[in-house]
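**Q** This is the structure, below, for whatever I ask next.
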Amino acid sequence: MPLTMNREVFITCAVTGSGGTQDRSPHVPRSPEQIANSAIAAAKAGAAVVHCHVRDPETGAPSRDLGLYREVTDRIRDSDTDVVLNLTAGMGGDIVFGGVESPLPPVAGTDMVGATERVAHVAECLPEICTLDCGTMNFAEADYVMTNTPGMLRAMGKMMTDIGVKPEIEAFDTGHLWFAKELVKEGVLAPDALVQLCMGVPWGAPDDLNTFMAMVNNVPDDWTFSAFGLGRNQMAYVAASVLAGGNVRVGLEDNLWLGKGELAQNWQLVERAGGIIENMGARVIGPAEVREKLGLVKQAPKAA
């Protein structure tokens with residue numbers, strides 16, 4: 001495949017995530033106010049899209065609390081900074097097994113709910129985009145499995161499409177792209193799909209370039225893709241994704257560091273990514289252009 005560099009690039013900032021990173025950096029936002037403020041600062045630095053999880057404001061633990069999502073949404077929407085809102089729908093599919101000799105019943109940390117509950121905050125907050133983790137995967141820890149069955153994904157994808165929120169397919173391996181193409185074929189997802197290539201997440205696709213190009217080569221020509229790499233490879237994947245024809249994602253969900261010994265803030269990661277993109281001869285595009293490019297609709301949240 002010949003390289004076809006993307007000359008009109010949008011940056012997504014993954015603001016906080018759901019992992020234990022809040023214990024490793026004081027800059028990882030916890031409260032809805034902190035998350036919204038960090039997202040707004042990232043937008044001012046050049047992010048056209050902000051991808052948001054929510055956390056318990058006291059403990060920093062991941063949460064599915066609809067009220068927290070609504071507060072983040074309202075704070076961002078009520079600000080004077082325009083940005084495309086992307087809310088996670090990845091929560092509620094977690095199984096932690098009891099160990100290799102007694103896997104059942106599942107143990108503390110398990111959070112499994114139905115499709116409607118997993119999408120409830122999306123249906124109320126009505127962001128332009130929400131994520132759809134397009135497969136089940138062994139995810140880093142010994143006995144934890146990220147669980148997304150074909151039936152669950154069909155149901156969630158249809159709900160997202162029906163309410164006018166564009167699913168962003170989170171692809172952690174090539175099989176996830178295979179199933180996403182099946183969802184488009186079945187009419188669950190629109191043909192002009194949006195996909196995020198997630199590189200270097202144990203135990204999904206490793207972040208070497210051969211695997212990355214295998215992922216890229218499995219993205220249909222009429223789809224839009226973005227990509228990220230974890231940790232120290234985050235900025236390298238900014239360049240790699242643009243060279244391969246894609247867009248980029250940075251942020252504290254994926255990487256805490258600006259440089260050796262220097263903890264980052266979200267806006268700093270966005271600013272650095274923007275510099276890389278522009279120095280490559282491409283242009284960073286804003287939220288209005290992203291909405292036009294992706295056919296997004298900015299909707300007001302449902303009345304409280």
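Naming scheme: A, B, ... for chains in displayed order of the structure tokens; residues 1 onward per chain; ligands 1 onward as shown.
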Let's see if you can do this: from backbone DSSP, list all helix (DSSP H, G or I) residues in range 95-156 of chain A, as a list in words.
**A**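 Secondary structure check on range 95-156 of chain A, helix (DSSP H, G or I): Ala115, Thr116, Glu117, Arg118, Val119, Ala120, His121, Val122, Ala123, Glu124, Cys125, Pro150, Gly151, Met152, Leu153, Arg154, Ala155 and Met156 of chain A.
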**Q** Fewer than 4 positions away in the same chain doesn't count, so skip those; otherwise give me all residues within 12 Å of Asp221 in chain A, counting only C-alpha atoms, as a PyMOL selection string.
**A** chain A and resi 1+4+181+191-195+216-217+225+245-246
**Q** Keeping only N, CA, C and O atoms, take the residues you just selected and write them out as an mmCIF file, in the first residue's frame.
**A**
data_model
loop_
_atom_site.group_PDB
_atom_site.id
_atom_site.type_symbol
_atom_site.label_atom_id
_atom_site.label_comp_id
_atom_site.auth_asym_id
_atom_site.auth_seq_id
_atom_site.Cartn_x
_atom_site.Cartn_y
_atom_site.Cartn_z
ATOM 1 N N MET A 1 0.843 -1.198 0.000
ATOM 2 C CA MET A 1 0.000 0.000 0.000
ATOM 3 C C MET A 1 0.874 1.241 0.000
ATOM 4 O O MET A 1 1.729 1.410 0.875
ATOM 5 N N THR A 4 -0.299 7.478 1.771
ATOM 6 C CA THR A 4 -1.103 8.628 1.370
ATOM 7 C C THR A 4 -1.288 9.486 2.610
ATOM 8 O O THR A 4 -2.198 9.267 3.406
ATOM 9 N N LYS A 181 -16.799 -4.371 10.151
ATOM 10 C CA LYS A 181 -17.240 -4.396 8.752
ATOM 11 C C LYS A 181 -18.536 -5.201 8.608
ATOM 12 O O LYS A 181 -19.396 -4.869 7.778
ATOM 13 N N PRO A 191 -22.315 3.320 6.580
ATOM 14 C CA PRO A 191 -21.174 2.931 5.737
ATOM 15 C C PRO A 191 -19.927 3.780 5.960
ATOM 16 O O PRO A 191 -18.810 3.273 5.847
ATOM 17 N N ASP A 192 -20.102 5.064 6.260
ATOM 18 C CA ASP A 192 -18.944 5.952 6.460
ATOM 19 C C ASP A 192 -18.493 5.880 7.920
ATOM 20 O O ASP A 192 -18.547 6.852 8.671
ATOM 21 N N ALA A 193 -18.007 4.718 8.311
ATOM 22 C CA ALA A 193 -17.701 4.459 9.716
ATOM 23 C C ALA A 193 -16.460 5.226 10.171
ATOM 24 O O ALA A 193 -15.604 5.631 9.383
ATOM 25 N N LEU A 194 -16.392 5.412 11.482
ATOM 26 C CA LEU A 194 -15.261 6.057 12.154
ATOM 27 C C LEU A 194 -14.607 5.025 13.047
ATOM 28 O O LEU A 194 -15.292 4.326 13.799
ATOM 29 N N VAL A 195 -13.271 4.911 12.970
ATOM 30 C CA VAL A 195 -12.584 3.884 13.745
ATOM 31 C C VAL A 195 -11.338 4.452 14.408
ATOM 32 O O VAL A 195 -10.646 5.303 13.838
ATOM 33 N N VAL A 216 -4.198 -0.675 9.486
ATOM 34 C CA VAL A 216 -4.566 0.351 8.504
ATOM 35 C C VAL A 216 -5.102 -0.293 7.226
ATOM 36 O O VAL A 216 -6.108 0.149 6.649
ATOM 37 N N ASN A 217 -4.440 -1.339 6.770
ATOM 38 C CA ASN A 217 -4.840 -1.991 5.521
ATOM 39 C C ASN A 217 -6.175 -2.719 5.629
ATOM 40 O O ASN A 217 -6.756 -3.097 4.599
ATOM 41 N N PHE A 225 -10.177 7.005 9.892
ATOM 42 C CA PHE A 225 -9.534 6.375 11.046
ATOM 43 C C PHE A 225 -8.617 7.348 11.764
ATOM 44 O O PHE A 225 -8.136 8.328 11.216
ATOM 45 N N GLY A 245 -2.299 8.199 6.579
ATOM 46 C CA GLY A 245 -3.571 8.721 6.096
ATOM 47 C C GLY A 245 -4.615 8.942 7.164
ATOM 48 O O GLY A 245 -5.773 9.192 6.847
ATOM 49 N N GLY A 246 -4.203 8.881 8.438
ATOM 50 C CA GLY A 246 -5.175 8.957 9.521
ATOM 51 C C GLY A 246 -5.102 10.222 10.336
ATOM 52 O O GLY A 246 -4.373 11.170 10.025
#
**Q** Choose the residue, out of A:Asp254, A:Val165, A:Val188, A:Ala115, that has the smallest atom-to-atom separation from Met152 in chain A; count only C-alpha atoms.
**A** A:Ala115
**Q** Given the choices A:Arg283, A:Arg118, A:Lys302, A:Lys293, which gets closest to Met5 in chain A if the distance is worked out from only C-alpha atoms?
**A** A:Arg283
**Q** Point out the residue among A:Pro206, A:Gly46, A:Gly99, A:Gly17 with the least atom-to-atom distance to Thr81 in chain A, counting only C-alpha atoms.
**A**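 Going through A:Pro206, A:Gly46, A:Gly99, A:Gly17 one by one, the smallest distance to Thr81 in chain A is for A:Gly46.
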**Q** For Asp207 in chain A, list every protein, DNA or RNA residue within 9 Å, evaluated using only C-alpha atoms, and leave out those in the same chain fewer than 5 positions away; present the list as a PDB file with N, CA and C atoms, in the first residue's frame.
**A**
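For reference, selection-v9.pdb as written:
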ATOM      1  N   CYS A 198      -6.277   1.165  18.194  1.00  0.00           N
ATOM      2  CA  CYS A 198      -5.716   1.212  19.544  1.00  0.00           C
ATOM      3  C   CYS A 198      -4.477   0.315  19.586  1.00  0.00           C
ATOM      4  N   MET A 199      -3.307   0.915  19.629  1.00  0.00           N
ATOM      5  CA  MET A 199      -2.056   0.171  19.473  1.00  0.00           C
ATOM      6  C   MET A 199      -1.301   0.077  20.804  1.00  0.00           C
ATOM      7  N   GLY A 200      -0.817  -1.124  21.089  1.00  0.00           N
ATOM      8  CA  GLY A 200       0.042  -1.317  22.242  1.00  0.00           C
ATOM      9  C   GLY A 200      -0.685  -1.561  23.545  1.00  0.00           C
ATOM     10  N   VAL A 201      -1.992  -1.880  23.484  1.00  0.00           N
ATOM     11  CA  VAL A 201      -2.749  -2.161  24.696  1.00  0.00           C
ATOM     12  C   VAL A 201      -2.634  -3.662  24.981  1.00  0.00           C
ATOM     13  N   PHE A 212       0.692  -2.199  12.869  1.00  0.00           N
ATOM     14  CA  PHE A 212      -0.076  -0.988  12.603  1.00  0.00           C
ATOM     15  C   PHE A 212      -0.530  -0.928  11.151  1.00  0.00           C
ATOM     16  N   GLY A 229      -0.854   5.304  20.190  1.00  0.00           N
ATOM     17  CA  GLY A 229       0.019   4.337  20.842  1.00  0.00           C
ATOM     18  C   GLY A 229       0.165   4.731  22.301  1.00  0.00           C
ATOM     19  N   LEU A 230       0.341   3.739  23.173  1.00  0.00           N
ATOM     20  CA  LEU A 230       0.438   4.008  24.600  1.00  0.00           C
ATOM     21  C   LEU A 230       1.818   4.509  25.002  1.00  0.00           C
ATOM     22  N   ASN A 233       5.383   5.861  23.193  1.00  0.00           N
ATOM     23  CA  ASN A 233       5.180   5.861  21.740  1.00  0.00           C
ATOM     24  C   ASN A 233       4.025   6.750  21.297  1.00  0.00           C
ATOM     25  N   TYR A 237       3.284   7.797  17.277  1.00  0.00           N
ATOM     26  CA  TYR A 237       2.076   7.402  16.552  1.00  0.00           C
ATOM     27  C   TYR A 237       1.314   8.591  15.982  1.00  0.00           C
TER      28      TYR A 237
END
**Q** Please provide the set of residues having any atom within 9 Å of Arg291 in chain A, restricted to only C-alpha atoms, with same-chain residues fewer than 5 positions apart removed, written as a ChimeraX atom specification.
**A** /A:84,128,286,296-298
**Q** Go through A:Ala180, A:Ile276, A:Leu85, A:Met159 and flag the residue nearest Pro301 in chain A, using only C-alpha atoms for the distances.
**A**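 When distances to Pro301 in chain A are compared using only C-alpha atoms, the smallest one comes from A:Leu85.
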**Q** Excluding range 61-64 of chain A and its own-chain neighbours fewer than 6 positions away, which residues fall within 9 Å of it when counting only C-alpha atoms? Please give them as an MDAnalysis selection string.
**A** chainID A and resid 17:20 22 30 53:55 91:92 118 121
**Q** Have a look at CA of Thr21 in chain A and CA of Gln234 in chain A and let me know their distance in Å, one decimal.
**A**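 Going from CA of Thr21 in chain A over to CA of Gln234 in chain A covers 15.7 Å.
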**Q** Skipping near chain neighbours, those fewer than 6 positions away, what residues fall within 9 Å of Ser38 in chain A using only C-alpha atoms, listed as a compact mmCIF listing (two decimals) with N, CA, C and O atoms, in the first residue's frame?
**A**
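So the final result, stored in around.txt, reads:
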# COMPACT_ATOMS: atom_id res chain seq x y z
N VAL A 15 -9.16 12.42 27.64
CA VAL A 15 -8.90 13.32 28.77
C VAL A 15 -8.50 12.60 30.05
O VAL A 15 -7.58 13.03 30.74
N THR A 16 -9.17 11.49 30.40
CA THR A 16 -8.90 10.90 31.70
C THR A 16 -8.90 9.38 31.73
O THR A 16 -8.17 8.78 32.52
N VAL A 28 -4.15 14.09 36.28
CA VAL A 28 -5.28 13.32 35.77
C VAL A 28 -6.55 13.82 36.45
O VAL A 28 -6.69 13.71 37.66
N PRO A 29 -7.50 14.37 35.67
CA PRO A 29 -8.69 14.96 36.30
C PRO A 29 -9.64 13.89 36.85
O PRO A 29 -9.79 12.83 36.26
N GLN A 265 0.23 17.66 31.14
CA GLN A 265 -1.18 18.00 31.18
C GLN A 265 -1.75 17.77 29.78
O GLN A 265 -1.03 17.77 28.78
N ASN A 266 -3.06 17.59 29.72
CA ASN A 266 -3.68 17.27 28.43
C ASN A 266 -3.37 18.31 27.36
O ASN A 266 -3.05 17.97 26.22
N TRP A 267 -3.49 19.58 27.71
CA TRP A 267 -3.28 20.62 26.70
C TRP A 267 -1.87 20.60 26.15
O TRP A 267 -1.64 20.91 24.98
